[in-house]
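Scroll down for the structure; my scribbles are underneath it.
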2 protein chains.
Amino acid sequence: MSADDLKKLVKEFKALTKKHLKQDFPENPWEQLMGGVGAVFASWNGKRAIEYRRIENIPDEWGTAVNVQAMVFGNMGDDSCTGVAFTRNPGNGENKFYGEYLVNAQGEDVVAGIRTPAPINQYSKNDQSKHLVTLEKFMPEQYKELDDIQQRLEKHYKDMQDIEFTIEKGKLYMLQCRVGKRNGVSAVKMAADMYKEGQIDGETAIMRVGPNQLVELLLPMFDPAIEKTHKVIAKGLPAGPGGAVGRVVFSSEEAVEWASKGEKVILVREETSPEDVDGMHKSEAILTTKGGMTSHAALVARGWGKCCIVGCSEISIHEKEKYFLTKDGKKVKGGDYISLNGTKGTVYEGSLPLIDVDLNKNQSYKQLMTLVDKYKTMGVRTNADTPKDVEQATYFGAEGVGLFRTEHMFYGEGSDKPLFLLRKMIMSDTESERKTALDELFTFVKRDIKATLEVMKGNAVTIRLLDPPLHEFVPHDKAKLQELSKELGVSMSILNRRILALHENNPMLGHRGVRLGVSYPEITEMQVRAIFEAAAELQLEGVKAFPEIMIPVTCGRHELTHQKVIVDRVYEETVEKLKVKKIPYMFGTMIEIPRAALKADSMAMVADFFSFGTNDLTQMSFGFSRDDIGGFLPKYLDLKLLSGDPFVSIDQSGVGELIKIGVERGRKTKPNLKVGICGEHGGDAESVKFCHSIGMNYVSCSPFRVPIARLAAAQAAIEDKKYVKTT
Amino acid sequence: MSADDLKKLVKEFKALTKKHLKQDFPENPWEQLMGGVGAVFASWNGKRAIEYRRIENIPDEWGTAVNVQAMVFGNMGDDSCTGVAFTRNPGNGENKFYGEYLVNAQGEDVVAGIRTPAPINQYSKNDQSKHLVTLEKFMPEQYKELDDIQQRLEKHYKDMQDIEFTIEKGKLYMLQCRVGKRNGVSAVKMAADMYKEGQIDGETAIMRVGPNQLVELLLPMFDPAIEKTHKVIAKGLPAGPGGAVGRVVFSSEEAVEWASKGEKVILVREETSPEDVDGMHKSEAILTTKGGMTSHAALVARGWGKCCIVGCSEISIHEKEKYFLTKDGKKVKGGDYISLNGTKGTVYEGSLPLIDVDLNKNQSYKQLMTLVDKYKTMGVRTNADTPKDVEQATYFGAEGVGLFRTEHMFYGEGSDKPLFLLRKMIMSDTESERKTALDELFTFVKRDIKATLEVMKGNAVTIRLLDPPLHEFVPHDKAKLQELSKELGVSMSILNRRILALHENNPMLGHRGVRLGVSYPEITEMQVRAIFEAAAELQLEGVKAFPEIMIPVTCGRHELTHQKVIVDRVYEETVEKLKVKKIPYMFGTMIEIPRAALKADSMAMVADFFSFGTNDLTQMSFGFSRDDIGGFLPKYLDLKLLSGDPFVSIDQSGVGELIKIGVERGRKTKPNLKVGICGEHGGDAESVKFCHSIGMNYVSCSPFRVPIARLAAAQAAIEDKKYVKTT
């Protein structure tokens with residue numbers, strides 16, 4: 001703006017100020033104007049703006065622009081008004097003009113919420129506003145004009161518009177229009193509708209939906225209007241999205257007991273361990289005071305799509321006395337109802353009403369996902385450990401199982417017998433003792449693998465051999481120890497000494513994964529035999545099966561060769577025993593140790609596929625234990641020492657480089673090497689896009705994240721194509 | 001060999017067999033000959049040959065060659081004999097012809113040791129052979145001829161020769177000559193002597209001594225002849241070389257108590273922890289049943305150059321009853337004498353005599369090391385935590401301190417008060433409580449740093465800020481906890497809760513290093529202030545000081561910037577407070593997290609130097625916890641799944657690549673970036689050579705390894721030059 005323009009503008013301001021505001025315009029107009037401009041710039045650094053940018057991942061350095069513009073006034077009497085409207089309903093996506101207005105008011109009055117705005121038309125009425133006069137009735141001519149304009153605007157921009165308008169003394173002014181914000185349900189419906197209407201093409205429709213918006217379709221949520229009216233009693237990390245309501249219990253046993261009586265419960269604990277899995281499964285939600293976004297509780301809950309809040313250090317649990325205290329000193333007792341919003345990490349007293357969504361009834365979702373599958377080039381599999389989980393994932397569109405953990409059978413429901421046998425095996429002192437225990441265990445392992453292969457009907461099922469350090473399975477209570485001591489015919493003191501010998505200072509870096517398979521080849525053998533026999537039996541029953549045997553925690557080629565020798569031998573033995581010609585399968589490894597990524601060229605000599613275990617790879621690359629990051633990660637994120645939680649979204653420039661190196665080197669040795677990812681990141685949209693960009697064949701994630709991964713994969717393919725087009 | 005040649009040879013064999021062995025040569029000469037050749041090839045795969053190759057790092061695939069040659073016979077009567085001789089004494093390096101012979105015998109009779117061989121000359125006589133006739137007297141003519149030949153051979157090959165000869169009916173035949181094996185003392189003496197004699201140049205002299213041979217000069221050893229006559233009662237991993245004799249104790253307290261009475265003790269434990277350091281220091285040697293080559297015991301002992309055997313799982317300790325059992329069921333009680341050979345990992349009953357060596361009296365060593373320093377281009381520093389250690393290292397030729405651990409003052413002698421203050425700091429709940437404790441601690445930290453800087457007189461001292469997870473310092477015994485509870489005015493139950501909150505599942509990947517400095521900037525501030533004040537005070541006292549402030553466990557640039565802001569502020573404050581113009585110092589970081597190596601370009605924007613912490617880098621790159629590798633590493637080495645223990649010698653193709661990436665990327669940002677290594681690998685010759693090859697400025701190792709690192713650095717420089725010459 002030139003100095004002359006500015007002078008003119010200031011003159012106009014003076015006149016208007018005098019006329020409408022009944023006060024003088026400040027004497028130094030430069031100062032005034034600059035002050036205003038400055039305030040806008042300052043708003044960029046306001047607390048909420050910063051918060052917003054952090055959530056939306058908008059860089060701080062972008063800054064904001066200032067347009068200086070003449071004003072119109074909706075507060076010039078009862079022939080004036082101002083309003084906000086949307087070309088479609090942003091709450092449910094319906095293709096209906098929707099909005100509110102206020103007579104004799106300015107825009108800030110609408111925003112301030114002091115007066116109840118009136119609906120612009122019959123469709124926009126709600127409980128609070130149904131008795132008010134619509135704009136359509138109050139100013140039919142102007143409404144007609146506004147309706148015409150909104151239709152033209154949406155056609156022009158090919159997206160739902162958020163419109164601000166003012167009527168000054170009967171004359172309609174359009175103040176602003178922009179693409180309107182919408183919730184997940186609306187985003188999906190609008191994208192599908194506009195595609196059907198022919199307004200947008202398939203690519204655009206897919207790009208219109210944020211992957212995280214899909215989550216809203218998949219999980220029960222609180223009604224936002226009602227949630228707003230309740231006070232937050234504590235806040236933690238939003239580890240598992242969705243809403244949940246239940247009665248407070250403080251132990252896994254209680255959870256199981258109450259749930260068996262039909263009670264909905266929420267398990268509240270300092271932290272959870274594998275022994276709590278049964279109770280966690282039976283609970284509506286989990287609330288812990290410790291741990292980060294990838295603590296045991298968070299991982300397990302996300303896998304099930306269960307609501308979960310972790311690291312809620314604001315409350316202190318008094319387990320023995322059965323209550324917890326909030327930071328305000330409020331006492332919540334066992335049996336009291338609480339409500340958890342796992343999307344936000346907020347805890348409420350009492351029972352808030354939930355809205356559940358049935359995906360099968362959502363035609364727009366179905367249409368969109370059909371479109372998605374046409375565009376995506378990367379496969380999407382699931383991390384699932386039971387036939388039930390696998391079925392769930394298939395329903396969500398999983399094309400295979402990218403991670404089947406053999407150890408799942410030792411946790412939760414029905415685990416008593418196999419866990420006891422595993423413990424017997426662990427506590428054995430000699431190879432022959434161990435083999436006896438393994439023989440007994442074999443039946444269970446084979447049964448579980450067979451059931452999962454059967455559900456997948458020939459689609460790949462990647463079975464990871466036993467991964468956790470053995471001492472994780474050692475019982476802690478005396479009764480179980482005594483039972484074990486009796487069964488093994490070994491004194492308690494010897495048993496305790498064996499347990500002590502298993503203790504490790506850093507189990508994450510200890511005797512686990514392939515290291516177990518090297519130390520005890522008979523453990524590998526038992527699992528591999530179970531896999532081959534299960535596959536062969538299915539074949540004989542006329543059911544296709546395609547297992548992929550995956551060796552975890554490898555750091556070099558020789559470990560892999562060592563295991564391959566066992567696999568080859570057992571394969572031959574099984575083919576002979578069950579009289580089948582061939583058992584289709586693949587042999588591969590997880591890449592989850594930094595060295596494995598660097599030595600990928602060598603490892604690909606033995607492996608037919610790589611699956612990146614990005615959880616562990618992130619742990620080792622950063623030197624972060626995901627169980628222990630609670631102590632420092634929040635501060636790191638606050639101080640922006642890290643751009644984000646690397647366990648939520650792949651750290652592309654660090655861990656990502658190792659992954660890239662691994663893929664490139666692996667494919668250099670074996671150009672058709674199958675490469676995927678099976679860490680939690682497989683369900684994170686940004687990470688999925690990264691996986692696409694480096695040429696992975698598939699991603700694998702927990703059942704509930706499968707639709708998100710599919711959408712992200714399609715978006716990545718579209719962005720990729722666009723990138724090619726423009727260069 | 002042609003078929004004709006072979007036929008001739010077989011004919012000759014036949015005649016000789018008939019004549020001397022009074023038996024027929026087998027009818028199928030081809031078979032016979034091939035059988036012999038086959039036996040040689042087979043010997044390559046003999047148990048001892050494999051063992052030998054493993055020790056010497058000789059690849060299995062090299063194989064062996066077979067020369068087929070006509071024979072001469074030393075067993076044709078009393079005018080025949082056979083012998084072995086060395087052109088210099090391989091036992092002490094003296095330039096004297098030295099050897100043994102047997103009348104009427106073949107070579108295998110000498111080797112078999114059934115008959116006592118006679119000395120070839122007066123000089124070669126020993127206690128067993130002094131009454132026997134020398135070859136010089138027995139066959140003066142042939143001896144003269146042999147002596148002439150040996151002199152010519154050594155001049156020709158320019159190295160000490162190991163000669164085999166046979167006299168058949170008065171005629172001397174030379175069977176073989178090769179470079180003779182020698183022990184460390186001889187190797188050094190021969191190299192220095194031959195250099196002085198003008199036989200070899202400086203480069204050759206340096207290349208003649210194996211870096212590990214130097215160890216023999218530095219440590220007390222058992223007399224090999226006497227050791228041979230004792231039975232090994234147990235075998236473990238040779239963690240700290242040298243010999244030691246002492247009485248068995250089973251606790252650190254006992255060790256301290258007995259040592260104070262002038263008793264020499266050997267501490268025998270399942271494993272050691274920082275709380276044992278005082279007792280370990282007071283012991284002659286340490287013997288543990290658990291842990292690997294880089295367990296706590298191994299690391300601490302190597303740092304001190306103390307004899308140590310770890311992972312000796314063959315013995316079982318009964319601590320309460322104060323005895324241990326060997327696998328043969330032998331009971332060794334507390335107070336019994338045992339002897340440890342830490343070079344071999346062998347344990348003996350009773351007290352074996354030790355030979356001690358005074359380095360100052362070894363002129364050859366001094367001459368060699370003077371030569372070494374002329375050739376090496378890389379600096380050699382030491383990892384040392386006390387002025388005493390630093391002085392020791394200077395004596396061994398250290399040019400600076402590459403790693404000064406601030407936490408050393410909390411272990412061992414005199415640590416009571418600082419440890420108590422540290423614990424007070426850790427157990428503080430608020431920043432102000434913590435600051436009070438830190439203020440008290442400041443005095444101790446400054447005192448220690450100042451003393452070390454003073455000894456180094458302006459040579460660089462790299463001071464690492466507090467590294468271990470805080471919970472490592474938490475007391476375990478009730479009395480100390482109660483004292484702490486009183487001092488802090490906090491109940492035991494609150495104290496216990498705070499301790500519980502510090503517990504981590506994987507402390508190695510937990511809240512440590514820079515993460516502490518980020519969470520509690522006041523801890524960084526206190527240490528940095530101590531460093532600057534110490535340096536400034538020395539400056540005012542006329543003593544040069546050059547501290548390098550090193551931030552540990554970093555994974556990215558922003559952490560480093562966060563700490564640099566504190567350093568800059570405290571620097572300004574100190575310059576002002578102590579009224580000095582300038583305090584020379586450098587600011588840098590350890591590279592010990594894989595991600596840090598990958599992000600080195602970015603980190604070098606803030607750091608003036610990198611010091612690779614190869615212990616932790618190896619831990620994270622392999623996913624191996626050095627405390628827990630005992631469970632699987634021995635099997636990995638046995639099965640050759642790894643080419644060596646990566647904690648002993650840098651895994652060049654894996655971890656080494658990360659180091660290379662780190663150096664290259666760091667120097668890309670800052671071409672004059674100072675780069676060194678301060679892990680245990682800095683004292684391993686192969687690793688030192690690797691560090692030279694990738695352009696490091698220095699290596700740093702424990703005081704006792706400094707001479708080894710110097711020699712290895714010189715050898716690397718020479719090999720490097722040679723490599724350039726030939727390309």
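By convention in this document, the chains of the structure tokens carry letters A, B, ... by their order, each chain's residues are numbered from 1, and ligands are numbered from 1 in the order they are shown.
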**OP:** Mind listing the alpha helix (DSSP H) residues of segment 348-477 of chain B, per DSSP on the backbone, as a PyMOL selection string?
**Re:** chain B and resi 363-375+387-395+416-427+431-456
Original post:
Quick one: residues within 7 Å of Asp467 of chain B, only C-alpha atoms counted, chain neighbours fewer than 2 positions away excluded, as a PyMOL selection string?
Top reply: chain B and resi 465+469+512-513+552
Original post:
What residues in chain B lie within 6 Å of chain A, counting only C-alpha atoms, written as an NGL selection string?
Top reply: :B and (504 or 506 or 509-510 or 558-559 or 594-595 or 620-625 or 628 or 641 or 654)
Next, the residues of the selection above should be written as a PDB file, in the first residue's frame with N, CA and C atoms.
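Now in out-v7.pdb:
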ATOM      1  N   GLU B 504      14.173 -48.174  36.205  1.00  0.00           N
ATOM      2  CA  GLU B 504      13.974 -48.277  34.757  1.00  0.00           C
ATOM      3  C   GLU B 504      14.130 -49.726  34.314  1.00  0.00           C
ATOM      4  N   ASN B 506      15.167 -50.659  31.275  1.00  0.00           N
ATOM      5  CA  ASN B 506      16.393 -50.751  30.493  1.00  0.00           C
ATOM      6  C   ASN B 506      17.231 -49.491  30.721  1.00  0.00           C
ATOM      7  N   LEU B 509      19.155 -47.613  28.136  1.00  0.00           N
ATOM      8  CA  LEU B 509      18.418 -46.821  27.156  1.00  0.00           C
ATOM      9  C   LEU B 509      17.510 -45.823  27.872  1.00  0.00           C
ATOM     10  N   GLY B 510      17.882 -45.467  29.079  1.00  0.00           N
ATOM     11  CA  GLY B 510      16.957 -44.688  29.891  1.00  0.00           C
ATOM     12  C   GLY B 510      17.341 -43.233  30.092  1.00  0.00           C
ATOM     13  N   HIS B 558      19.742 -30.520  18.659  1.00  0.00           N
ATOM     14  CA  HIS B 558      19.042 -29.606  19.561  1.00  0.00           C
ATOM     15  C   HIS B 558      19.403 -29.820  21.030  1.00  0.00           C
ATOM     16  N   GLU B 559      19.660 -31.070  21.395  1.00  0.00           N
ATOM     17  CA  GLU B 559      20.088 -31.356  22.768  1.00  0.00           C
ATOM     18  C   GLU B 559      21.378 -30.605  23.066  1.00  0.00           C
ATOM     19  N   PRO B 594      23.582 -44.572  17.767  1.00  0.00           N
ATOM     20  CA  PRO B 594      23.636 -44.686  16.309  1.00  0.00           C
ATOM     21  C   PRO B 594      23.100 -43.455  15.581  1.00  0.00           C
ATOM     22  N   ARG B 595      21.990 -42.914  16.066  1.00  0.00           N
ATOM     23  CA  ARG B 595      21.424 -41.762  15.379  1.00  0.00           C
ATOM     24  C   ARG B 595      22.388 -40.578  15.361  1.00  0.00           C
ATOM     25  N   MET B 620      24.373 -50.395  21.260  1.00  0.00           N
ATOM     26  CA  MET B 620      23.124 -50.021  20.575  1.00  0.00           C
ATOM     27  C   MET B 620      23.107 -50.544  19.142  1.00  0.00           C
ATOM     28  N   SER B 621      24.272 -50.579  18.489  1.00  0.00           N
ATOM     29  CA  SER B 621      24.286 -51.011  17.091  1.00  0.00           C
ATOM     30  C   SER B 621      24.000 -52.493  16.982  1.00  0.00           C
ATOM     31  N   PHE B 622      24.467 -53.251  17.957  1.00  0.00           N
ATOM     32  CA  PHE B 622      24.232 -54.692  17.958  1.00  0.00           C
ATOM     33  C   PHE B 622      22.962 -55.052  18.726  1.00  0.00           C
ATOM     34  N   GLY B 623      22.497 -54.131  19.568  1.00  0.00           N
ATOM     35  CA  GLY B 623      21.430 -54.499  20.482  1.00  0.00           C
ATOM     36  C   GLY B 623      21.933 -55.476  21.529  1.00  0.00           C
ATOM     37  N   PHE B 624      23.215 -55.336  21.911  1.00  0.00           N
ATOM     38  CA  PHE B 624      23.827 -56.189  22.932  1.00  0.00           C
ATOM     39  C   PHE B 624      24.041 -55.356  24.198  1.00  0.00           C
ATOM     40  N   SER B 625      23.538 -55.825  25.326  1.00  0.00           N
ATOM     41  CA  SER B 625      23.898 -55.190  26.592  1.00  0.00           C
ATOM     42  C   SER B 625      25.163 -55.862  27.096  1.00  0.00           C
ATOM     43  N   ASP B 628      24.905 -58.250  29.824  1.00  0.00           N
ATOM     44  CA  ASP B 628      24.077 -59.450  29.688  1.00  0.00           C
ATOM     45  C   ASP B 628      24.531 -60.391  28.581  1.00  0.00           C
ATOM     46  N   LEU B 641      29.394 -67.207  14.689  1.00  0.00           N
ATOM     47  CA  LEU B 641      28.346 -66.340  14.163  1.00  0.00           C
ATOM     48  C   LEU B 641      28.847 -64.901  14.165  1.00  0.00           C
ATOM     49  N   GLY B 654      30.408 -53.099  10.625  1.00  0.00           N
ATOM     50  CA  GLY B 654      29.096 -52.655  11.102  1.00  0.00           C
ATOM     51  C   GLY B 654      29.208 -51.355  11.880  1.00  0.00           C
TER      52      GLY B 654
END
Original post:
Got a sec: who's within 6 Å of segment 601-605 of chain B, counting only C-alpha atoms, leaving out chain neighbours fewer than 6 positions off, as an MDAnalysis selection string?
Top reply: chainID B and resid 557 665:666 669
May I have the residues from that selection written out with all heavy atoms, as a CSV table (one decimal), in the first residue's frame?
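And here is the file that came out, again11.csv:
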chain,number,residue,atom,x,y,z
B,557,ARG,N,21.1,-32.6,17.3
B,557,ARG,CA,21.8,-31.2,17.5
B,557,ARG,C,21.1,-30.4,18.6
B,557,ARG,O,21.7,-29.7,19.3
B,557,ARG,CB,21.7,-30.5,16.2
B,557,ARG,CG,22.1,-29.0,16.3
B,557,ARG,CD,22.4,-28.4,15.0
B,557,ARG,NE,21.3,-28.5,14.1
B,557,ARG,CZ,20.4,-27.6,13.8
B,557,ARG,NH1,20.5,-26.4,14.4
B,557,ARG,NH2,19.4,-27.8,12.9
B,665,ARG,N,30.7,-37.1,7.9
B,665,ARG,CA,29.6,-36.1,7.9
B,665,ARG,C,30.0,-34.9,8.8
B,665,ARG,O,29.7,-33.8,8.5
B,665,ARG,CB,28.3,-36.7,8.4
B,665,ARG,CG,27.8,-37.7,7.3
B,665,ARG,CD,26.4,-38.2,7.6
B,665,ARG,NE,26.0,-39.2,6.6
B,665,ARG,CZ,24.9,-39.9,6.5
B,665,ARG,NH1,24.0,-39.8,7.5
B,665,ARG,NH2,24.7,-40.8,5.6
B,666,GLY,N,30.6,-35.3,10.0
B,666,GLY,CA,31.0,-34.2,10.9
B,666,GLY,C,32.0,-33.2,10.2
B,666,GLY,O,31.8,-32.0,10.3
B,669,THR,N,30.7,-30.7,7.6
B,669,THR,CA,30.2,-29.5,8.2
B,669,THR,C,31.3,-28.6,8.8
B,669,THR,O,31.4,-27.4,8.6
B,669,THR,CB,29.2,-29.8,9.4
B,669,THR,OG1,28.1,-30.5,8.9
B,669,THR,CG2,28.7,-28.5,10.0
For segment 524-532 of chain A, work out the shell of residues within 9 Å, counting only C-alpha atoms and skipping chain neighbours fewer than 3 positions away, then give it as a CSV table (one decimal) with N, CA and C atoms, in the first residue's frame.
chain,number,residue,atom,x,y,z
A,406,THR,N,4.3,-65.5,18.0
A,406,THR,CA,4.1,-66.8,18.6
A,406,THR,C,3.9,-66.7,20.1
A,435,LYS,N,13.6,-80.4,25.9
A,435,LYS,CA,12.9,-81.0,24.8
A,435,LYS,C,11.5,-81.6,25.2
A,438,LEU,N,9.2,-78.9,25.4
A,438,LEU,CA,8.9,-78.3,24.1
A,438,LEU,C,7.9,-79.2,23.3
A,439,ASP,N,8.1,-80.5,23.5
A,439,ASP,CA,7.2,-81.5,22.9
A,439,ASP,C,5.7,-81.2,23.3
A,441,LEU,N,4.6,-78.4,24.4
A,441,LEU,CA,4.2,-77.1,24.0
A,441,LEU,C,3.8,-77.1,22.5
A,442,PHE,N,4.4,-78.0,21.8
A,442,PHE,CA,4.3,-78.0,20.3
A,442,PHE,C,2.8,-78.0,19.9
A,443,THR,N,2.0,-78.9,20.6
A,443,THR,CA,0.6,-79.0,20.2
A,443,THR,C,-0.1,-77.6,20.2
A,444,PHE,N,0.2,-76.8,21.2
A,444,PHE,CA,-0.5,-75.5,21.4
A,444,PHE,C,0.0,-74.6,20.3
A,445,VAL,N,1.3,-74.6,20.0
A,445,VAL,CA,1.8,-73.7,19.0
A,445,VAL,C,1.3,-74.0,17.7
A,446,LYS,N,1.2,-75.3,17.3
A,446,LYS,CA,0.7,-75.7,16.0
A,446,LYS,C,-0.8,-75.3,15.9
A,447,ARG,N,-1.5,-75.6,16.9
A,447,ARG,CA,-3.0,-75.3,16.9
A,447,ARG,C,-3.2,-73.8,16.6
A,449,ILE,N,-1.1,-71.6,15.2
A,449,ILE,CA,-0.6,-71.2,13.9
A,449,ILE,C,-1.6,-71.7,12.8
A,450,LYS,N,-2.0,-72.9,13.0
A,450,LYS,CA,-2.9,-73.5,12.0
A,450,LYS,C,-4.2,-72.6,11.8
A,463,ILE,N,5.2,-65.2,10.5
A,463,ILE,CA,5.2,-65.8,11.8
A,463,ILE,C,6.6,-65.5,12.4
A,465,LEU,N,9.3,-65.9,15.1
A,465,LEU,CA,9.7,-66.9,16.2
A,465,LEU,C,9.9,-66.2,17.5
A,466,LEU,N,9.8,-67.0,18.6
A,466,LEU,CA,9.8,-66.4,20.0
A,466,LEU,C,10.8,-65.3,20.1
A,514,VAL,N,16.6,-64.1,18.0
A,514,VAL,CA,17.4,-65.2,17.4
A,514,VAL,C,18.5,-65.7,18.4
A,516,LEU,N,18.0,-66.5,21.4
A,516,LEU,CA,17.4,-67.7,22.0
A,516,LEU,C,17.5,-68.9,21.1
A,517,GLY,N,17.2,-68.6,19.8
A,517,GLY,CA,17.2,-69.7,18.8
A,517,GLY,C,18.6,-70.3,18.6
A,518,VAL,N,19.6,-69.5,18.8
A,518,VAL,CA,21.0,-69.9,18.7
A,518,VAL,C,21.4,-70.7,20.0
A,520,TYR,N,19.3,-72.2,22.1
A,520,TYR,CA,18.5,-73.3,22.2
A,520,TYR,C,17.9,-73.7,20.9
A,521,PRO,N,18.6,-74.3,20.0
A,521,PRO,CA,18.1,-74.5,18.6
A,521,PRO,C,16.8,-75.3,18.7
A,535,ALA,N,0.9,-75.9,8.0
A,535,ALA,CA,0.7,-75.6,6.6
A,535,ALA,C,0.4,-76.8,5.8
A,536,ALA,N,1.2,-77.9,6.1
A,536,ALA,CA,1.0,-79.1,5.3
A,536,ALA,C,-0.4,-79.8,5.6
A,537,GLU,N,-0.8,-79.8,6.8
A,537,GLU,CA,-2.1,-80.3,7.2
A,537,GLU,C,-3.2,-79.6,6.5
A,547,PRO,N,2.8,-69.6,5.0
A,547,PRO,CA,3.6,-69.0,6.1
A,547,PRO,C,4.9,-68.3,5.7
A,549,ILE,N,8.4,-67.5,7.6
A,549,ILE,CA,9.1,-67.6,8.8
A,549,ILE,C,10.0,-66.5,9.1
A,563,GLN,N,19.9,-70.4,11.6
A,563,GLN,CA,18.5,-70.8,11.8
A,563,GLN,C,18.0,-71.5,10.5
A,566,ILE,N,18.4,-75.2,10.4
A,566,ILE,CA,17.3,-75.9,11.1
A,566,ILE,C,16.0,-75.9,10.3
A,567,VAL,N,15.7,-74.8,9.7
A,567,VAL,CA,14.5,-74.7,8.9
A,567,VAL,C,14.5,-75.7,7.7
A,570,VAL,N,14.0,-79.3,9.0
A,570,VAL,CA,12.7,-79.6,9.5
A,570,VAL,C,11.7,-79.7,8.3
A,571,TYR,N,12.0,-78.8,7.3
A,571,TYR,CA,11.2,-78.8,6.1
A,571,TYR,C,11.2,-80.2,5.5
A,573,GLU,N,12.0,-83.0,6.7
A,573,GLU,CA,11.4,-84.0,7.6
A,573,GLU,C,9.9,-84.0,7.5
A,574,THR,N,9.3,-82.7,7.5
A,574,THR,CA,7.9,-82.6,7.5
A,574,THR,C,7.3,-83.1,6.1
A,575,VAL,N,7.9,-82.7,5.0
A,575,VAL,CA,7.5,-83.1,3.7
A,575,VAL,C,7.4,-84.6,3.7
A,583,ILE,N,5.7,-77.5,0.5
A,583,ILE,CA,5.0,-76.6,1.4
A,583,ILE,C,5.5,-75.2,1.1
A,585,TYR,N,6.5,-71.6,1.3
A,585,TYR,CA,6.8,-70.7,2.5
A,585,TYR,C,7.9,-69.8,2.1
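Atom CA of Ala714 of chain A to atom CA of Val372 of chain A spans 5.5 Å [interatomic distance, one decimal].
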Subject >> Secondary structure check, strand (DSSP E) residues of segment 75-321 of chain B, as a PyMOL selection string >> reply: chain B and resi 81-86+98-103+118-119+161-168+171-179+221-222+232-235+237-240+243-249+265-269+285-288+307-310+316-318
**OP:** Extract, using only C-alpha atoms, all DNA, RNA and protein residues at most 8 Å from Phe165 of chain B, discarding same-chain residues fewer than 4 positions from it, and format them as an NGL selection string.
**Re:** :B and (82-84 or 172-176)
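Nearest residue to Gln392 of chain A among A:Arg705, A:Ile200, A:Ala187, A:Thr377 is A:Arg705, counting only C-alpha atoms.
Near Ser611 of chain A, within 9 Å and counting only C-alpha atoms, sit Gly402, Leu403, Met550, Gly588, Thr589, Met590, Ile591, Glu592, Lys674, Val675, Gly676, Ile677, Cys678, Gly679 and Val699 of chain A, not including residues fewer than 6 positions from it in the same chain.
Between Tyr411 of chain B and the candidates B:Ile551, B:Ile338, B:Val300, B:Ile355, the tightest atom-to-atom separation, counting only C-alpha atoms, involves B:Val300.
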**OP:** Fewer than 3 positions away in the same chain doesn't count, so skip those; otherwise give me all residues within 10 Å of Leu488 of chain B, counting only C-alpha atoms, as a PyMOL selection string.
**Re:** chain B and resi 424-425+427-429+433+482-485+491+495
Original post:
Separation of atom CA of Asn45 of chain B and atom CA of Phe73 of chain B, in Å?
Top reply: 28.5 Å
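Between atom CA of Thr436 of chain B and atom CA of Leu470 of chain B lies a distance of 17.3 Å.
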